[in-house]
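Novice: Dropping in target_2.txt, which is compact mmCIF, C-alpha atoms and all ligand atoms:
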```
# COMPACT_ATOMS: atom_id res chain seq x y z
CA MET B 1087 -0.55 -15.86 -19.77
CA ILE B 1088 -1.26 -13.14 -17.21
CA THR B 1089 -4.92 -12.11 -17.07
CA ALA B 1090 -6.58 -9.66 -14.66
CA GLU B 1091 -7.75 -12.75 -12.73
CA THR B 1092 -4.27 -14.26 -12.31
CA TYR B 1093 -2.74 -10.80 -11.76
CA HIS B 1094 -4.50 -10.31 -8.45
CA VAL B 1095 -7.58 -11.64 -6.65
CA PRO B 1096 -9.33 -8.65 -5.04
CA VAL B 1097 -9.57 -8.68 -1.25
CA LEU B 1098 -12.73 -7.71 0.70
CA LEU B 1099 -14.27 -6.75 -2.65
CA LYS B 1100 -17.92 -6.50 -1.72
CA GLU B 1101 -17.33 -5.06 1.75
CA SER B 1102 -14.98 -2.30 0.58
CA VAL B 1103 -17.11 -1.24 -2.42
CA ASP B 1104 -20.36 -1.44 -0.41
CA GLY B 1105 -18.58 0.86 2.03
CA LEU B 1106 -18.39 3.56 -0.64
CA ASN B 1107 -22.19 3.71 -0.76
CA ILE B 1108 -21.95 4.32 -4.51
CA GLN B 1109 -24.15 7.05 -6.02
CA PRO B 1110 -24.64 6.15 -9.72
CA ASP B 1111 -23.85 9.73 -10.84
CA GLY B 1112 -20.95 10.16 -8.45
CA ILE B 1113 -17.23 10.69 -9.00
CA TYR B 1114 -15.03 8.01 -7.45
CA VAL B 1115 -11.32 7.36 -7.16
CA ASP B 1116 -9.61 3.98 -6.79
CA VAL B 1117 -6.04 4.93 -5.89
CA THR B 1118 -4.70 1.35 -6.22
CA PHE B 1119 -5.93 -0.07 -9.55
CA GLY B 1120 -3.68 -3.20 -9.73
CA GLY B 1121 -5.61 -5.97 -11.48
CA GLY B 1122 -8.66 -3.69 -11.57
CA GLY B 1123 -10.91 -5.93 -9.44
CA HIS B 1124 -12.21 -3.14 -7.21
CA SER B 1125 -12.37 -0.66 -10.10
CA LYS B 1126 -14.54 -3.01 -12.18
CA GLU B 1127 -16.91 -3.49 -9.27
CA ILE B 1128 -17.20 0.30 -8.80
CA LEU B 1129 -17.79 0.79 -12.55
CA SER B 1130 -20.55 -1.84 -12.52
CA ARG B 1131 -22.42 0.28 -9.96
CA LEU B 1132 -22.06 3.61 -11.83
CA GLY B 1133 -24.60 5.11 -14.23
CA ASP B 1134 -23.74 6.98 -17.47
CA LYS B 1135 -23.04 10.23 -15.60
CA GLY B 1136 -20.74 8.66 -13.01
CA HIS B 1137 -16.97 8.53 -13.38
CA LEU B 1138 -14.08 6.57 -11.93
CA TYR B 1139 -10.46 7.72 -11.85
CA SER B 1140 -8.03 4.91 -11.03
CA PHE B 1141 -4.38 5.38 -10.11
CA ASP B 1142 -1.45 3.01 -10.33
CA GLN B 1143 2.22 3.83 -10.44
CA ASP B 1144 3.18 0.41 -11.82
CA ALA B 1145 3.34 0.15 -15.62
CA ASP B 1146 2.28 -3.53 -15.50
CA ALA B 1147 -1.13 -2.54 -14.09
CA GLU B 1148 -1.87 -0.77 -17.38
CA ASN B 1149 -2.35 -4.18 -19.02
CA ASN B 1150 -5.58 -4.44 -17.01
CA ILE B 1151 -7.09 -1.11 -18.10
CA VAL B 1152 -10.76 -1.37 -19.01
CA ALA B 1153 -12.34 0.28 -22.05
CA ASP B 1154 -15.19 2.33 -20.61
CA ASP B 1155 -16.17 5.99 -21.17
CA LYS B 1156 -16.77 6.29 -17.44
CA PHE B 1157 -13.16 5.34 -16.68
CA THR B 1158 -9.86 7.27 -16.59
CA PHE B 1159 -6.56 5.61 -15.72
CA VAL B 1160 -3.95 7.82 -14.04
CA ARG B 1161 -0.41 6.45 -14.27
CA SER B 1162 0.98 8.15 -11.20
CA ASN B 1163 1.77 7.85 -7.55
CA PHE B 1164 -1.42 8.45 -5.57
CA ARG B 1165 0.37 10.99 -3.38
CA TYR B 1166 -0.34 13.54 -6.16
CA ILE B 1167 -4.09 12.94 -6.09
CA GLU B 1168 -5.00 16.60 -5.51
CA ASN B 1169 -2.88 17.79 -8.45
CA TRP B 1170 -4.41 15.18 -10.75
CA MET B 1171 -7.99 15.92 -9.75
CA GLN B 1172 -7.29 19.60 -10.37
CA TYR B 1173 -5.85 18.67 -13.78
CA TYR B 1174 -9.07 16.82 -14.63
CA GLY B 1175 -11.20 19.72 -13.35
CA VAL B 1176 -12.63 17.70 -10.45
CA GLU B 1177 -13.23 19.79 -7.32
CA LYS B 1178 -14.96 17.24 -5.12
CA ILE B 1179 -15.30 13.46 -5.10
CA ASP B 1180 -17.98 11.14 -3.72
CA GLY B 1181 -15.69 8.37 -2.58
CA LEU B 1182 -12.17 7.01 -2.54
CA LEU B 1183 -11.01 3.42 -2.24
CA ALA B 1184 -7.48 2.32 -1.37
CA ASP B 1185 -6.29 -1.29 -1.28
CA LEU B 1186 -2.77 -0.65 -0.11
CA GLY B 1187 0.58 -2.31 -0.71
CA VAL B 1188 1.61 -4.48 -3.63
CA SER B 1189 -0.41 -6.90 -5.75
CA SER B 1190 0.06 -10.68 -6.02
CA HIS B 1191 1.54 -9.97 -9.45
CA HIS B 1192 4.44 -8.17 -7.78
CA PHE B 1193 5.15 -11.17 -5.57
CA ASP B 1194 4.77 -13.65 -8.45
CA ASP B 1195 6.93 -11.85 -11.00
CA GLU B 1196 10.44 -13.02 -10.18
CA THR B 1197 12.07 -10.18 -12.10
CA ARG B 1198 10.67 -7.54 -9.69
CA GLY B 1199 12.51 -8.71 -6.58
CA PHE B 1200 9.55 -8.50 -4.18
CA SER B 1201 9.73 -12.14 -3.07
CA PHE B 1202 12.53 -14.14 -1.49
CA ARG B 1203 11.04 -17.25 -3.15
CA PHE B 1204 13.19 -16.38 -6.17
CA ASP B 1205 16.88 -15.58 -6.51
CA ALA B 1206 16.36 -12.26 -8.28
CA PRO B 1207 17.87 -8.77 -8.41
CA LEU B 1208 16.73 -6.80 -5.34
CA ASP B 1209 14.65 -4.15 -7.08
CA MET B 1210 11.24 -3.80 -5.30
CA ARG B 1211 10.24 -0.55 -7.01
CA MET B 1212 6.53 -0.41 -7.84
CA ASN B 1213 7.38 2.34 -10.29
CA ASN B 1214 10.47 0.80 -11.85
CA ARG B 1215 11.05 3.82 -14.08
CA ALA B 1216 12.69 5.82 -11.27
CA GLY B 1217 14.13 5.87 -7.78
CA LYS B 1218 16.43 3.81 -5.56
CA THR B 1219 16.18 0.01 -5.63
CA ALA B 1220 16.34 -2.25 -2.58
CA ALA B 1221 19.91 -3.12 -3.59
CA ASP B 1222 20.84 0.58 -3.59
CA ILE B 1223 19.51 0.89 -0.06
CA LEU B 1224 21.30 -2.24 1.17
CA ASN B 1225 24.60 -1.07 -0.29
CA ASP B 1226 24.45 2.69 0.24
CA TYR B 1227 22.68 3.29 3.56
CA THR B 1228 24.83 3.53 6.66
CA GLU B 1229 24.55 0.69 9.16
CA GLU B 1230 22.51 2.97 11.46
CA GLN B 1231 20.12 4.00 8.66
CA LEU B 1232 19.59 0.35 7.74
CA ALA B 1233 18.91 -0.62 11.35
CA ASP B 1234 16.33 2.18 11.61
CA VAL B 1235 14.54 1.05 8.44
CA LEU B 1236 14.42 -2.58 9.67
CA TYR B 1237 13.18 -1.55 13.09
CA LEU B 1238 10.63 1.04 11.96
CA TYR B 1239 9.13 -0.69 8.94
CA GLY B 1240 9.83 -4.36 9.64
CA GLU B 1241 9.40 -4.16 13.42
CA LEU B 1242 12.46 -6.41 13.66
CA LYS B 1243 13.73 -6.44 17.22
CA ASP B 1244 17.26 -7.50 16.26
CA SER B 1245 17.55 -4.80 13.59
CA ARG B 1246 21.00 -3.66 14.83
CA ARG B 1247 22.45 -7.15 14.52
CA LEU B 1248 20.95 -7.64 11.06
CA ALA B 1249 22.29 -4.27 9.88
CA ARG B 1250 25.74 -5.21 11.21
CA SER B 1251 25.69 -8.46 9.18
CA ILE B 1252 24.81 -6.49 6.03
CA ALA B 1253 27.55 -3.91 6.67
CA LYS B 1254 30.12 -6.66 7.22
CA TYR B 1255 29.17 -8.61 4.09
CA ARG B 1256 29.23 -5.59 1.78
CA GLN B 1257 32.82 -4.78 2.77
CA ASN B 1258 33.75 -7.60 0.38
CA GLN B 1259 30.98 -7.58 -2.21
CA ARG B 1260 27.86 -5.68 -3.19
CA ILE B 1261 24.47 -7.11 -2.29
CA GLU B 1262 22.54 -7.38 -5.55
CA THR B 1263 20.37 -10.50 -5.34
CA THR B 1264 18.22 -12.51 -2.95
CA GLN B 1265 21.03 -15.04 -2.61
CA HIS B 1266 23.53 -12.33 -1.62
CA LEU B 1267 21.14 -11.15 1.05
CA MET B 1268 20.57 -14.72 2.27
CA ASP B 1269 24.34 -15.16 2.46
CA ALA B 1270 24.79 -11.89 4.34
CA LEU B 1271 22.15 -12.97 6.88
CA ASN B 1272 23.40 -16.54 7.01
CA ILE B 1273 23.00 -16.91 10.77
CA GLN B 1274 19.35 -15.88 10.67
CA CYS B 1275 18.47 -18.01 7.64
CA SER B 1276 20.17 -21.25 8.55
CA ALA B 1277 17.40 -22.46 10.87
CA THR B 1278 15.25 -25.32 9.57
CA ASN B 1279 12.17 -24.49 11.64
CA GLY B 1280 10.86 -21.94 9.13
CA LEU B 1281 11.11 -19.07 11.61
CA TRP B 1282 13.64 -17.32 9.38
CA LYS B 1283 10.90 -17.01 6.75
CA LYS B 1284 8.87 -14.84 9.09
CA ASP B 1285 11.85 -12.61 9.71
CA MET B 1286 12.69 -12.51 6.01
CA ALA B 1287 9.10 -11.46 5.25
CA LYS B 1288 9.49 -8.61 7.74
CA PHE B 1289 12.90 -7.73 6.29
CA TYR B 1290 11.44 -7.58 2.78
CA GLN B 1291 8.45 -5.56 3.98
CA ALA B 1292 10.79 -3.00 5.54
CA LEU B 1293 12.86 -2.65 2.36
CA ARG B 1294 9.77 -2.40 0.18
CA ILE B 1295 8.24 0.35 2.33
CA GLU B 1296 11.51 2.31 2.24
CA VAL B 1297 12.07 1.83 -1.52
CA ASN B 1298 8.55 3.05 -2.35
CA HIS B 1299 8.25 5.73 0.38
CA GLU B 1300 4.97 4.02 1.21
CA MET B 1301 4.27 5.77 4.49
CA ASP B 1302 4.84 9.29 3.11
CA ALA B 1303 2.71 8.52 0.04
CA LEU B 1304 -0.08 7.18 2.26
CA ARG B 1305 -0.04 10.24 4.53
CA GLU B 1306 -0.13 12.65 1.58
CA MET B 1307 -2.88 10.70 -0.18
CA LEU B 1308 -5.06 10.65 2.95
CA ILE B 1309 -4.65 14.41 3.42
CA GLY B 1310 -5.59 14.88 -0.24
CA ALA B 1311 -8.59 12.58 0.14
CA THR B 1312 -9.77 14.51 3.20
CA ASN B 1313 -9.67 17.75 1.20
CA LEU B 1314 -11.33 16.28 -1.88
CA LEU B 1315 -14.21 14.32 -0.35
CA LYS B 1316 -17.55 16.10 -0.34
CA GLU B 1317 -19.89 16.03 2.64
CA GLY B 1318 -21.30 12.49 2.87
CA GLY B 1319 -18.43 11.18 0.71
CA ARG B 1320 -16.84 7.90 1.76
CA LEU B 1321 -13.28 6.75 2.38
CA SER B 1322 -12.79 2.97 2.24
CA VAL B 1323 -9.28 1.70 2.98
CA ILE B 1324 -7.81 -1.82 3.15
CA THR B 1325 -4.48 -2.15 4.97
CA TYR B 1326 -2.14 -5.13 5.39
CA HIS B 1327 0.09 -4.21 8.32
CA SER B 1328 -0.15 -2.28 11.55
CA LEU B 1329 1.93 0.71 10.39
CA GLU B 1330 -0.49 1.48 7.57
CA ASP B 1331 -3.51 0.72 9.69
CA ARG B 1332 -2.42 3.14 12.44
CA ILE B 1333 -2.16 6.03 9.99
CA VAL B 1334 -5.55 5.26 8.42
CA LYS B 1335 -7.18 4.91 11.85
CA ASN B 1336 -5.69 8.23 12.99
CA VAL B 1337 -6.97 10.10 9.95
CA MET B 1338 -10.44 8.59 10.18
CA LYS B 1339 -10.73 9.32 13.90
CA THR B 1340 -9.07 12.73 14.14
CA GLY B 1341 -8.55 14.08 10.62
CA ASN B 1342 -4.77 14.11 10.99
CA VAL B 1343 -2.09 11.47 10.50
CA GLU B 1344 -0.65 11.84 14.00
CA GLY B 1345 -4.00 11.04 15.64
CA LYS B 1346 -3.94 14.34 17.55
CA VAL B 1347 -7.39 15.04 18.93
CA ASN B 1348 -8.50 18.65 18.31
CA GLN B 1349 -11.25 20.12 20.47
CA ASP B 1350 -13.23 23.31 20.13
CA PHE B 1351 -13.80 25.89 22.88
CA PHE B 1352 -16.50 23.67 24.44
CA GLY B 1353 -14.33 20.56 24.39
CA ARG B 1354 -16.14 18.99 21.44
CA ILE B 1355 -13.91 16.85 19.23
CA GLN B 1356 -13.25 18.43 15.83
CA THR B 1357 -12.92 15.81 13.12
CA PRO B 1358 -13.80 15.77 9.41
CA PHE B 1359 -15.03 12.16 9.52
CA LYS B 1360 -17.49 9.90 11.25
CA LEU B 1361 -16.68 6.21 11.37
CA VAL B 1362 -19.01 3.99 9.34
CA ASN B 1363 -17.72 0.84 11.04
CA ASN B 1364 -16.55 1.20 14.62
CA LYS B 1365 -14.89 -2.20 14.52
CA VAL B 1366 -12.41 -2.97 11.82
CA ILE B 1367 -13.76 -5.33 9.08
CA VAL B 1368 -11.70 -8.46 8.36
CA PRO B 1369 -12.21 -11.14 5.69
CA ALA B 1370 -14.60 -14.02 6.35
CA HIS B 1371 -13.03 -17.40 7.03
CA GLU B 1372 -13.89 -18.65 3.50
CA GLU B 1373 -12.05 -15.70 1.91
CA GLU B 1374 -8.99 -16.34 4.08
CA ILE B 1375 -8.97 -19.97 2.92
CA THR B 1376 -9.41 -19.25 -0.80
CA ASN B 1377 -7.20 -16.15 -0.88
CA PRO B 1378 -4.36 -16.45 1.68
CA ARG B 1379 -3.20 -12.90 0.86
CA SER B 1380 -6.37 -11.62 2.50
CA ARG B 1381 -5.39 -12.96 5.93
CA SER B 1382 -3.76 -9.78 7.18
CA ALA B 1383 -6.33 -7.43 5.57
CA LYS B 1384 -8.23 -4.85 7.60
CA LEU B 1385 -10.92 -2.58 6.20
CA ARG B 1386 -11.87 0.78 7.67
CA ILE B 1387 -14.63 3.02 6.31
CA ALA B 1388 -15.37 6.64 7.21
CA GLU B 1389 -17.77 9.32 5.99
CA LYS B 1390 -16.93 12.99 5.54
CA ILE B 1391 -19.09 15.26 7.69
C1 LIG B 1401 -3.07 -4.47 -3.46
S1 LIG B 1401 -2.84 -3.93 -5.08
C2 LIG B 1401 -4.45 -3.44 -5.56
C3 LIG B 1401 -5.24 -4.53 -6.16
C4 LIG B 1401 -6.56 -4.08 -6.74
N1 LIG B 1401 -7.44 -3.55 -5.75
C5 LIG B 1401 -7.25 -5.22 -7.46
O1 LIG B 1401 -8.39 -5.54 -7.14
O2 LIG B 1401 -6.64 -5.82 -8.35
C6 LIG B 1401 -2.07 -2.38 -4.87
C7 LIG B 1401 -1.77 -1.67 -6.19
O3 LIG B 1401 -1.56 -0.30 -5.87
C8 LIG B 1401 -0.40 0.17 -6.51
N2 LIG B 1401 0.18 1.18 -5.62
C9 LIG B 1401 0.65 1.01 -4.37
N3 LIG B 1401 1.09 2.17 -3.87
C10 LIG B 1401 0.85 3.11 -4.82
C11 LIG B 1401 1.06 4.52 -4.89
N4 LIG B 1401 1.65 5.18 -3.89
N5 LIG B 1401 0.67 5.15 -5.99
C12 LIG B 1401 0.08 4.49 -7.03
N6 LIG B 1401 -0.12 3.17 -7.03
C13 LIG B 1401 0.25 2.48 -5.93
C14 LIG B 1401 0.49 -1.04 -6.70
O4 LIG B 1401 1.33 -0.86 -7.82
C15 LIG B 1401 -0.52 -2.17 -6.87
O5 LIG B 1401 -0.78 -2.41 -8.23
```
As structure tokens, what does this structure read like?
Ligand SMILES: C[S@@+](CC[C@H](N)C(=O)[O-])C[C@H]1O[C@@H](n2cnc3c(N)ncnc32)[C@H](O)[C@@H]1O
Specialist:
Amino acid sequence: MITAETYHVPVLLKESVDGLNIQPDGIYVDVTFGGGGHSKEILSRLGDKGHLYSFDQDADAENNIVADDKFTFVRSNFRYIENWMQYYGVEKIDGLLADLGVSSHHFDDETRGFSFRFDAPLDMRMNNRAGKTAADILNDYTEEQLADVLYLYGELKDSRRLARSIAKYRQNQRIETTQHLMDALNIQCSATNGLWKKDMAKFYQALRIEVNHEMDALREMLIGATNLLKEGGRLSVITYHSLEDRIVKNVMKTGNVEGKVNQDFFGRIQTPFKLVNNKVIVPAHEEEITNPRSRSAKLRIAEKI
């Protein structure tokens, strides 16, 4: 049976929630509810007048919803955060937490297609009610488009060669399952030294980011968060790969996703945030041992000024 505990073990729980500097009467947003680990910790620090809005676009996350008057679940992509806060009549928030990417549940549920451990249909949609699947992308994108996705989001150096293998294979049959993809990439996957697993993980990451428009959603959410946070409000974000981390770092340092430094007439840097931690926070050794998923996690915290 899936419980909130087996659904997902929260990463950097104390560090990320401490980073929000919770005010008991404050209004907080957890944009990545998942198993609800971070949300429950935030709720435990709120008083009767405080409120938490938690987003998740995945219907499965709704099984973890908590019954609490201080809690509202928003079944939506977090890129629409400003629209939703307006809908709920919230003008300003005291803090926002994001624990990006997918949950362990996504990797463990073989029907969702997020893991190459299972021979499953290549779906990979977090919101599986709409949008293109990974199979659609593999079959419908041009060879050049595929190579770009693999290079940009998987940082795969031999993206052109991989895209060529896909294009060649699909001349004869559609790529629908993990096994089809393994067959299409036969040369890369035949090695016994386990190196192909690293490349496959990057390949899957690239597809997942493209399927879910993860980078666009992140950029839009961070712009929304910057507008919504009140003075002294906190932004606490956990990332799992360098592409996400770069965007978060840019916004926290400069206020824009490109990392463009704006200066005033006197050369003073104009930014809406001050960094709470100058150095990125990573999990302690014990957490890395007990929760291997935490190994690539990086936490950044900033305060609105
Ligand atoms: C790493 S998990 C969060 C785990 C959670 N912090 C916990 O303690 O259980 C990320 C969750 O965010 C959701 N998610 C990712 N991107 C999203 C987006 N753009 N909009 C809404 N939900 C998103 C995923 O469906 C997943 O459930």
Novice: In file coordinates, which residues lie within 10 Å of (-13.9, 7.4, 6.9) using all atoms listed in the file, given as a list in words?
Specialist: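 Protein, DNA and RNA residues close to (-13.9, 7.4, 6.9): Gly1105, Leu1106, Gly1181, Leu1182, Thr1312, Gly1318, Gly1319, Arg1320, Leu1321, Ser1322, Val1323, Val1334, Lys1335, Val1337, Met1338, Lys1339, Gly1341, Pro1358, Phe1359, Lys1360, Leu1361, Val1362, Asn1363, Arg1386, Ile1387, Ala1388, Glu1389, Lys1390 and Ile1391 of chain B.
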Novice: Put a box with edges along x, y and z around all the listed atoms of ligand LIG 1401 (chain B), pad it by 5 Å on each side, then give me its centre and sizes in Å, one decimal, as lines of an AutoDock Vina configuration file.
Specialist:
```
center_x = -3.4
center_y = -0.3
center_z = -5.9
size_x = 20.0
size_y = 21.0
size_z = 14.9
```
Novice: With distances taken over only C-alpha atoms and all ligand atoms, which of B:Lys1126, B:His1266, B:Lys1156, B:Lys1288 is nearest to ligand LIG 1401 (chain B)?
Specialist: B:Lys1126
Novice: Which is closer to ligand LIG 1401 (chain B) than all the others in B:Lys1135, B:Arg1211, B:Arg1260, B:Lys1316, using only C-alpha atoms and all ligand atoms?
Specialist: B:Arg1211
Novice: Around ligand LIG 1401 (chain B), at most 7 Å away and counting only C-alpha atoms and all ligand atoms, which residues are there? Put them as a PyMOL selection string, please.
Specialist: chain B and resi 1094-1097+1117-1125+1141-1144+1147+1162-1165+1185-1189+1212+1300+1303-1304
Novice: Tell me which protein, DNA and RNA residues are within 8 Å of Val1235 (chain B), counting all atoms listed in the file, leaving out same-chain ones fewer than 3 positions away, and put them as a list in words.
Specialist: Gln1231, Leu1232, Leu1238, Tyr1239, Gly1240, Ala1292, Leu1293 and Glu1296 of chain B
Novice: Please compute the CA of Lys1254 (chain B)-CA of Leu1242 (chain B) distance, one decimal, in Å.
Specialist: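 We find that CA of Lys1254 (chain B) and CA of Leu1242 (chain B) lie 18.8 Å from each other.
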